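Asker: This is input-v4.cif, which holds mmCIF, C-alpha atoms and all ligand atoms:
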data_data
#
loop_
_atom_site.group_PDB
_atom_site.id
_atom_site.type_symbol
_atom_site.label_atom_id
_atom_site.label_comp_id
_atom_site.auth_asym_id
_atom_site.auth_seq_id
_atom_site.Cartn_x
_atom_site.Cartn_y
_atom_site.Cartn_z
ATOM 1 C CA MET A 1 61.403 40.289 105.737
ATOM 2 C CA PRO A 2 62.762 36.799 106.274
ATOM 3 C CA ARG A 3 61.407 34.752 109.137
ATOM 4 C CA THR A 4 59.386 37.569 110.643
ATOM 5 C CA SER A 5 56.045 35.891 110.013
ATOM 6 C CA MET A 6 56.954 33.037 112.339
ATOM 7 C CA ASN A 7 55.115 32.684 115.577
ATOM 8 C CA ASN A 8 57.309 33.841 118.420
ATOM 9 C CA ARG A 9 56.697 30.687 120.427
ATOM 10 C CA LYS A 10 58.131 28.544 117.666
ATOM 11 C CA ILE A 11 61.429 30.393 117.657
ATOM 12 C CA LEU A 12 61.891 30.378 121.408
ATOM 13 C CA PRO A 13 64.216 27.348 121.604
ATOM 14 C CA SER A 14 66.704 28.679 119.046
ATOM 15 C CA TYR A 15 66.440 32.102 120.622
ATOM 16 C CA LEU A 16 67.438 30.659 123.976
ATOM 17 C CA THR A 17 70.377 28.790 122.482
ATOM 18 C CA ARG A 18 71.668 31.898 120.776
ATOM 19 C CA PHE A 19 71.825 33.859 123.984
ATOM 20 C CA ILE A 20 72.941 31.186 126.420
ATOM 21 C CA VAL A 21 76.058 30.391 124.411
ATOM 22 C CA PRO A 22 77.359 34.000 124.309
ATOM 23 C CA ALA A 23 76.679 34.258 128.052
ATOM 24 C CA LEU A 24 78.885 31.227 128.693
ATOM 25 C CA LEU A 25 81.623 32.643 126.469
ATOM 26 C CA LEU A 26 81.465 35.931 128.337
ATOM 27 C CA ALA A 27 81.842 34.190 131.682
ATOM 28 C CA ALA A 28 85.030 32.539 130.444
ATOM 29 C CA SER A 29 86.617 35.766 129.299
ATOM 30 C CA THR A 30 87.253 39.139 130.850
ATOM 31 C CA ALA A 31 88.295 40.684 127.538
ATOM 32 C CA LYS A 32 85.901 43.099 125.902
ATOM 33 C CA ALA A 33 85.698 44.148 122.295
ATOM 34 C CA ASP A 34 86.337 47.861 121.822
ATOM 35 C CA ILE A 35 83.306 49.250 120.083
ATOM 36 C CA ASN A 36 82.446 52.904 119.827
ATOM 37 C CA TRP A 37 78.776 53.664 119.229
ATOM 38 C CA ASP A 38 78.000 57.015 117.649
ATOM 39 C CA ASN A 39 74.634 58.693 117.225
ATOM 40 C CA VAL A 40 72.691 55.543 117.873
ATOM 41 C CA TRP A 41 68.924 55.882 117.657
ATOM 42 C CA VAL A 42 65.929 53.597 117.472
ATOM 43 C CA ARG A 43 63.009 54.456 115.247
ATOM 44 C CA ALA A 44 59.821 55.079 117.235
ATOM 45 C CA MET A 45 56.936 52.983 115.954
ATOM 46 C CA PRO A 46 53.254 52.804 116.895
ATOM 47 C CA PRO A 47 52.540 50.564 119.895
ATOM 48 C CA THR A 48 50.746 48.075 117.635
ATOM 49 C CA GLN A 49 53.995 47.309 115.802
ATOM 50 C CA THR A 50 56.308 44.478 116.848
ATOM 51 C CA MET A 51 59.412 45.509 114.921
ATOM 52 C CA THR A 52 61.648 48.485 114.585
ATOM 53 C CA ALA A 53 65.273 49.202 113.732
ATOM 54 C CA ALA A 54 68.290 50.942 115.200
ATOM 55 C CA TYR A 55 70.799 53.088 113.338
ATOM 56 C CA GLY A 56 74.096 54.792 114.002
ATOM 57 C CA VAL A 57 77.794 54.315 113.422
ATOM 58 C CA ILE A 58 79.681 51.466 115.068
ATOM 59 C CA THR A 59 83.451 51.725 115.063
ATOM 60 C CA ASN A 60 86.086 49.257 116.151
ATOM 61 C CA SER A 61 88.164 51.471 118.425
ATOM 62 C CA GLY A 62 90.480 48.686 119.554
ATOM 63 C CA ALA A 63 93.619 47.082 118.177
ATOM 64 C CA ASP A 64 92.041 43.749 117.285
ATOM 65 C CA THR A 65 89.468 42.730 114.707
ATOM 66 C CA VAL A 66 85.938 42.660 116.096
ATOM 67 C CA ILE A 67 83.391 40.167 114.839
ATOM 68 C CA ILE A 68 79.765 41.130 115.391
ATOM 69 C CA ASN A 69 77.482 38.143 115.073
ATOM 70 C CA GLY A 70 74.207 39.179 116.631
ATOM 71 C CA GLY A 71 72.618 41.379 119.209
ATOM 72 C CA SER A 72 70.219 41.612 122.083
ATOM 73 C CA ALA A 73 67.880 44.074 123.769
ATOM 74 C CA ASP A 74 65.630 43.570 126.768
ATOM 75 C CA PHE A 75 62.586 44.905 124.897
ATOM 76 C CA ALA A 76 63.010 42.726 121.791
ATOM 77 C CA GLU A 77 62.968 38.956 121.541
ATOM 78 C CA ARG A 78 65.296 38.900 118.567
ATOM 79 C CA VAL A 79 67.982 41.271 117.340
ATOM 80 C CA GLU A 80 69.686 40.810 113.980
ATOM 81 C CA LEU A 81 72.002 42.815 111.783
ATOM 82 C CA HIS A 82 70.361 43.375 108.418
ATOM 83 C CA GLU A 83 71.519 44.817 105.168
ATOM 84 C CA SER A 84 69.206 46.215 102.532
ATOM 85 C CA ILE A 85 69.513 44.898 99.003
ATOM 86 C CA HIS A 86 68.138 47.275 96.399
ATOM 87 C CA GLU A 87 66.680 45.504 93.377
ATOM 88 C CA GLY A 88 65.074 47.876 90.898
ATOM 89 C CA ASP A 89 62.343 49.682 92.806
ATOM 90 C CA SER A 90 62.179 47.262 95.706
ATOM 91 C CA VAL A 91 64.326 46.849 98.778
ATOM 92 C CA ARG A 92 64.861 43.515 100.460
ATOM 93 C CA MET A 93 66.287 43.042 103.944
ATOM 94 C CA VAL A 94 68.792 40.238 104.414
ATOM 95 C CA PRO A 95 70.293 39.168 107.755
ATOM 96 C CA MET A 96 74.070 39.430 107.979
ATOM 97 C CA GLU A 97 75.506 36.405 109.762
ATOM 98 C CA ALA A 98 78.620 38.201 110.944
ATOM 99 C CA VAL A 99 80.281 41.529 110.350
ATOM 100 C CA GLU A 100 84.029 41.796 110.699
ATOM 101 C CA LEU A 101 85.458 45.182 111.601
ATOM 102 C CA ALA A 102 89.195 45.736 111.297
ATOM 103 C CA PRO A 103 90.762 48.151 113.808
ATOM 104 C CA GLY A 104 89.463 51.635 113.020
ATOM 105 C CA GLU A 105 86.825 50.337 110.656
ATOM 106 C CA SER A 106 83.212 51.539 110.942
ATOM 107 C CA LEU A 107 79.853 50.062 110.112
ATOM 108 C CA LYS A 108 77.315 52.700 109.132
ATOM 109 C CA LEU A 109 73.734 51.816 109.941
ATOM 110 C CA MET A 110 71.127 54.044 108.355
ATOM 111 C CA PRO A 111 67.551 54.007 107.065
ATOM 112 C CA GLY A 112 67.512 52.316 103.661
ATOM 113 C CA GLY A 113 70.839 50.642 104.393
ATOM 114 C CA SER A 114 72.252 48.321 106.988
ATOM 115 C CA HIS A 115 70.488 48.388 110.342
ATOM 116 C CA ILE A 116 69.991 46.598 113.617
ATOM 117 C CA MET A 117 66.622 44.848 113.325
ATOM 118 C CA LEU A 118 64.658 44.600 116.548
ATOM 119 C CA MET A 119 61.922 41.971 116.421
ATOM 120 C CA GLY A 120 59.345 40.387 118.682
ATOM 121 C CA ILE A 121 58.586 43.576 120.582
ATOM 122 C CA SER A 122 55.460 43.283 122.736
ATOM 123 C CA ASP A 123 55.906 46.646 124.434
ATOM 124 C CA MET A 124 57.131 49.185 121.874
ATOM 125 C CA PRO A 125 59.339 51.819 123.531
ATOM 126 C CA MET A 126 57.884 55.309 123.506
ATOM 127 C CA ALA A 127 59.312 58.128 121.406
ATOM 128 C CA GLU A 128 61.876 60.200 123.333
ATOM 129 C CA SER A 129 62.588 57.340 125.720
ATOM 130 C CA THR A 130 65.997 55.722 126.094
ATOM 131 C CA VAL A 131 66.646 52.030 125.595
ATOM 132 C CA SER A 132 69.583 49.718 126.061
ATOM 133 C CA LEU A 133 70.897 47.875 123.046
ATOM 134 C CA CYS A 134 73.696 45.302 122.698
ATOM 135 C CA LEU A 135 75.665 43.779 119.875
ATOM 136 C CA THR A 136 77.200 40.370 120.362
ATOM 137 C CA THR A 137 80.895 40.132 119.554
ATOM 138 C CA GLN A 138 83.346 37.278 119.770
ATOM 139 C CA GLU A 139 84.146 38.548 123.247
ATOM 140 C CA GLY A 140 80.581 38.928 124.471
ATOM 141 C CA PRO A 141 77.907 41.600 124.401
ATOM 142 C CA ASN A 142 78.807 45.247 123.923
ATOM 143 C CA CYS A 143 75.993 47.567 124.909
ATOM 144 C CA THR A 144 74.969 51.170 124.596
ATOM 145 C CA THR A 145 71.979 53.349 125.295
ATOM 146 C CA ALA A 146 69.995 54.736 122.400
ATOM 147 C CA GLN A 147 67.306 57.344 122.030
ATOM 148 C CA VAL A 148 63.962 56.388 120.554
ATOM 149 C CA LEU A 149 63.147 58.987 117.907
ATOM 150 C CA ARG A 150 60.377 59.450 115.354
ATOM 151 C CA LYS A 151 62.794 60.428 112.606
ATOM 152 C CA ALA A 152 66.495 60.493 111.884
ATOM 153 C CA PRO A 153 68.405 63.187 113.742
ATOM 154 C CA GLN A 154 69.226 66.068 111.407
ATOM 155 C CA SER A 155 72.772 66.388 112.637
ATOM 156 C CA ASP A 156 75.251 64.976 115.095
ATOM 157 C CA HIS A 157 74.087 67.527 117.646
ATOM 158 C CA ASP A 158 70.514 66.295 117.554
ATOM 159 C CA ALA A 159 71.633 62.812 118.452
ATOM 160 C CA HIS A 160 73.235 64.050 121.669
ATOM 161 C CA HIS A 161 76.561 62.434 120.835
ATOM 162 C CA LEU A 162 76.192 59.145 122.578
ATOM 163 C CA HIS A 163 79.683 57.815 123.154
ATOM 164 C CA MET A 164 79.050 54.792 125.279
ATOM 165 C CA ASN A 165 81.944 52.411 125.473
ATOM 166 C CA HIS A 166 82.161 51.408 129.108
HETATM 167 CU CU CU B 201 65.663 44.604 108.765
#
Write out the structure in this file as structure tokens.
Answerer:
Amino acid sequence: MPRTSMNNRKILPSYLTRFIVPALLLAASTAKADINWDNVWVRAMPPTQTMTAAYGVITNSGADTVIINGGSADFAERVELHESIHEGDSVRMVPMEAVELAPGESLKLMPGGSHIMLMGISDMPMAESTVSLCLTTQEGPNCTTAQVLRKAPQSDHDAHHLHMNH
């Protein structure tokens, strides 16, 4: 897990920079990337843990290419898109700098694959609670609500079909 052993205080300045800049960009633009979030869920972890991950399917439902270059959540100090690189028997997580989605294109986030990494959590959300989660696009943050679950939903129905694109 790259950079996760760092003390949270040390990363605060770069963390602030990353989120102030998108906020300024958002203020200058009223456009909003069209992202459809499907079956988004966050893995419930014990309260002693400081990291977890979110999964689901993110689709560009608009007519323009969407570039996702980060994320944010009020319960996590840092949010990154990660992919999992399988090398023999081991799996390594690597941050993705930016993900480009053409119109209609989807990004599937699932355990063992790509995921939204949530780090620096001091107050782990409880299982069965609902959290807010945002991805940063070239046009600002795009947010959804997600259920906190102990394990992957068995089907679409279990995930309560979260279609948040407001
Ligand atoms: Cu990760």
Asker: Collect all residues with atoms no farther than 6 Å from ligand CU 201 (chain B), counting all atoms listed in the file, and output them as JSON, numbers by chain.
Answerer: {"A": [82, 93, 117]}
Asker: A:Ser84, A:Ala146, A:Gln154, A:Val79: which is nearest Met51 in chain A, counting only C-alpha atoms?
Answerer: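 Once distances to Met51 in chain A are computed over only C-alpha atoms, the minimum belongs to A:Val79.
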Asker: Interatomic distance between CA of Val148 in chain A and CA of Glu87 in chain A?
Answerer: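 About the pair CA of Val148 in chain A and CA of Glu87 in chain A: they are 29.4 Å apart.
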Asker: Ranking A:Ala152, A:Leu81, A:Ala127, A:Val66 by minimum distance to Val94 in chain A and counting all atoms listed in the file, which one comes first?
Answerer: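 Using all atoms listed in the file, the shortest distance to Val94 in chain A belongs to A:Leu81.
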Asker: Which residue gives the smallest distance to Gly113 in chain A among A:Ile58, A:Ala44, A:Ile85, A:Leu101, with only C-alpha atoms counted?
Answerer: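 Of A:Ile58, A:Ala44, A:Ile85, A:Leu101, the one nearest Gly113 in chain A is A:Ile85, counting only C-alpha atoms.
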Asker: So which residues fall inside 9 Å of (81.6, 37.9, 114.9) if we count all atoms listed in the file? Mind giving them as a list in words?
Answerer: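 With a cut-off of 9 Å, the residues come to Val66, Ile67, Ile68, Asn69, Gly70, Glu97, Ala98, Val99, Glu100, Leu101, Thr136, Thr137, Gln138 and Glu139 of chain A.
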Asker: If we count only C-alpha atoms and set the cut-off at 10 Å, which residues sit around range 133-135 of chain A, ignoring sequence neighbours fewer than 5 positions away in its own chain? Please answer as a list in words.
Answerer: Ile35, Val40, Trp41, Val42, Ala54, Ile58, Ile67, Ile68, Asn69, Gly70, Gly71, Ser72, Ala73, Asp74, Phe75, Ala76, Val79, Glu80, Leu81, Ile116, Leu118, Gly140, Pro141, Asn142, Cys143, Thr144, Thr145 and Ala146 of chain A
Asker: Mind writing the picked residues with C-alpha atoms as a compact mmCIF listing (two decimals), keeping the file's coordinate frame?
Answerer:
# COMPACT_ATOMS: atom_id res chain seq x y z
CA ILE A 35 83.31 49.25 120.08
CA VAL A 40 72.69 55.54 117.87
CA TRP A 41 68.92 55.88 117.66
CA VAL A 42 65.93 53.60 117.47
CA ALA A 54 68.29 50.94 115.20
CA ILE A 58 79.68 51.47 115.07
CA ILE A 67 83.39 40.17 114.84
CA ILE A 68 79.76 41.13 115.39
CA ASN A 69 77.48 38.14 115.07
CA GLY A 70 74.21 39.18 116.63
CA GLY A 71 72.62 41.38 119.21
CA SER A 72 70.22 41.61 122.08
CA ALA A 73 67.88 44.07 123.77
CA ASP A 74 65.63 43.57 126.77
CA PHE A 75 62.59 44.90 124.90
CA ALA A 76 63.01 42.73 121.79
CA VAL A 79 67.98 41.27 117.34
CA GLU A 80 69.69 40.81 113.98
CA LEU A 81 72.00 42.82 111.78
CA ILE A 116 69.99 46.60 113.62
CA LEU A 118 64.66 44.60 116.55
CA GLY A 140 80.58 38.93 124.47
CA PRO A 141 77.91 41.60 124.40
CA ASN A 142 78.81 45.25 123.92
CA CYS A 143 75.99 47.57 124.91
CA THR A 144 74.97 51.17 124.60
CA THR A 145 71.98 53.35 125.30
CA ALA A 146 70.00 54.74 122.40
Asker: Please list as a PDB file with C-alpha atoms, in the coordinates of the input every residue within 12 Å of Thr59 in chain A, counting all atoms listed in the file and excluding residues in the same chain fewer than 2 positions away.
Answerer:
ATOM      1  CA  ALA A  33      85.698  44.148 122.295  1.00  0.00           C
ATOM      2  CA  ASP A  34      86.337  47.861 121.822  1.00  0.00           C
ATOM      3  CA  ILE A  35      83.306  49.250 120.083  1.00  0.00           C
ATOM      4  CA  ASN A  36      82.446  52.904 119.827  1.00  0.00           C
ATOM      5  CA  TRP A  37      78.776  53.664 119.229  1.00  0.00           C
ATOM      6  CA  ASP A  38      78.000  57.015 117.649  1.00  0.00           C
ATOM      7  CA  ASN A  39      74.634  58.693 117.225  1.00  0.00           C
ATOM      8  CA  VAL A  40      72.691  55.543 117.873  1.00  0.00           C
ATOM      9  CA  GLY A  56      74.096  54.792 114.002  1.00  0.00           C
ATOM     10  CA  VAL A  57      77.794  54.315 113.422  1.00  0.00           C
ATOM     11  CA  SER A  61      88.164  51.471 118.425  1.00  0.00           C
ATOM     12  CA  GLY A  62      90.480  48.686 119.554  1.00  0.00           C
ATOM     13  CA  ALA A  63      93.619  47.082 118.177  1.00  0.00           C
ATOM     14  CA  ASP A  64      92.041  43.749 117.285  1.00  0.00           C
ATOM     15  CA  THR A  65      89.468  42.730 114.707  1.00  0.00           C
ATOM     16  CA  VAL A  66      85.938  42.660 116.096  1.00  0.00           C
ATOM     17  CA  ILE A  67      83.391  40.167 114.839  1.00  0.00           C
ATOM     18  CA  ILE A  68      79.765  41.130 115.391  1.00  0.00           C
ATOM     19  CA  VAL A  99      80.281  41.529 110.350  1.00  0.00           C
ATOM     20  CA  GLU A 100      84.029  41.796 110.699  1.00  0.00           C
ATOM     21  CA  LEU A 101      85.458  45.182 111.601  1.00  0.00           C
ATOM     22  CA  ALA A 102      89.195  45.736 111.297  1.00  0.00           C
ATOM     23  CA  PRO A 103      90.762  48.151 113.808  1.00  0.00           C
ATOM     24  CA  GLY A 104      89.463  51.635 113.020  1.00  0.00           C
ATOM     25  CA  GLU A 105      86.825  50.337 110.656  1.00  0.00           C
ATOM     26  CA  SER A 106      83.212  51.539 110.942  1.00  0.00           C
ATOM     27  CA  LEU A 107      79.853  50.062 110.112  1.00  0.00           C
ATOM     28  CA  LYS A 108      77.315  52.700 109.132  1.00  0.00           C
ATOM     29  CA  LEU A 109      73.734  51.816 109.941  1.00  0.00           C
ATOM     30  CA  ASN A 142      78.807  45.247 123.923  1.00  0.00           C
ATOM     31  CA  HIS A 163      79.683  57.815 123.154  1.00  0.00           C
ATOM     32  CA  MET A 164      79.050  54.792 125.279  1.00  0.00           C
ATOM     33  CA  ASN A 165      81.944  52.411 125.473  1.00  0.00           C
TER      34      ASN A 165
END
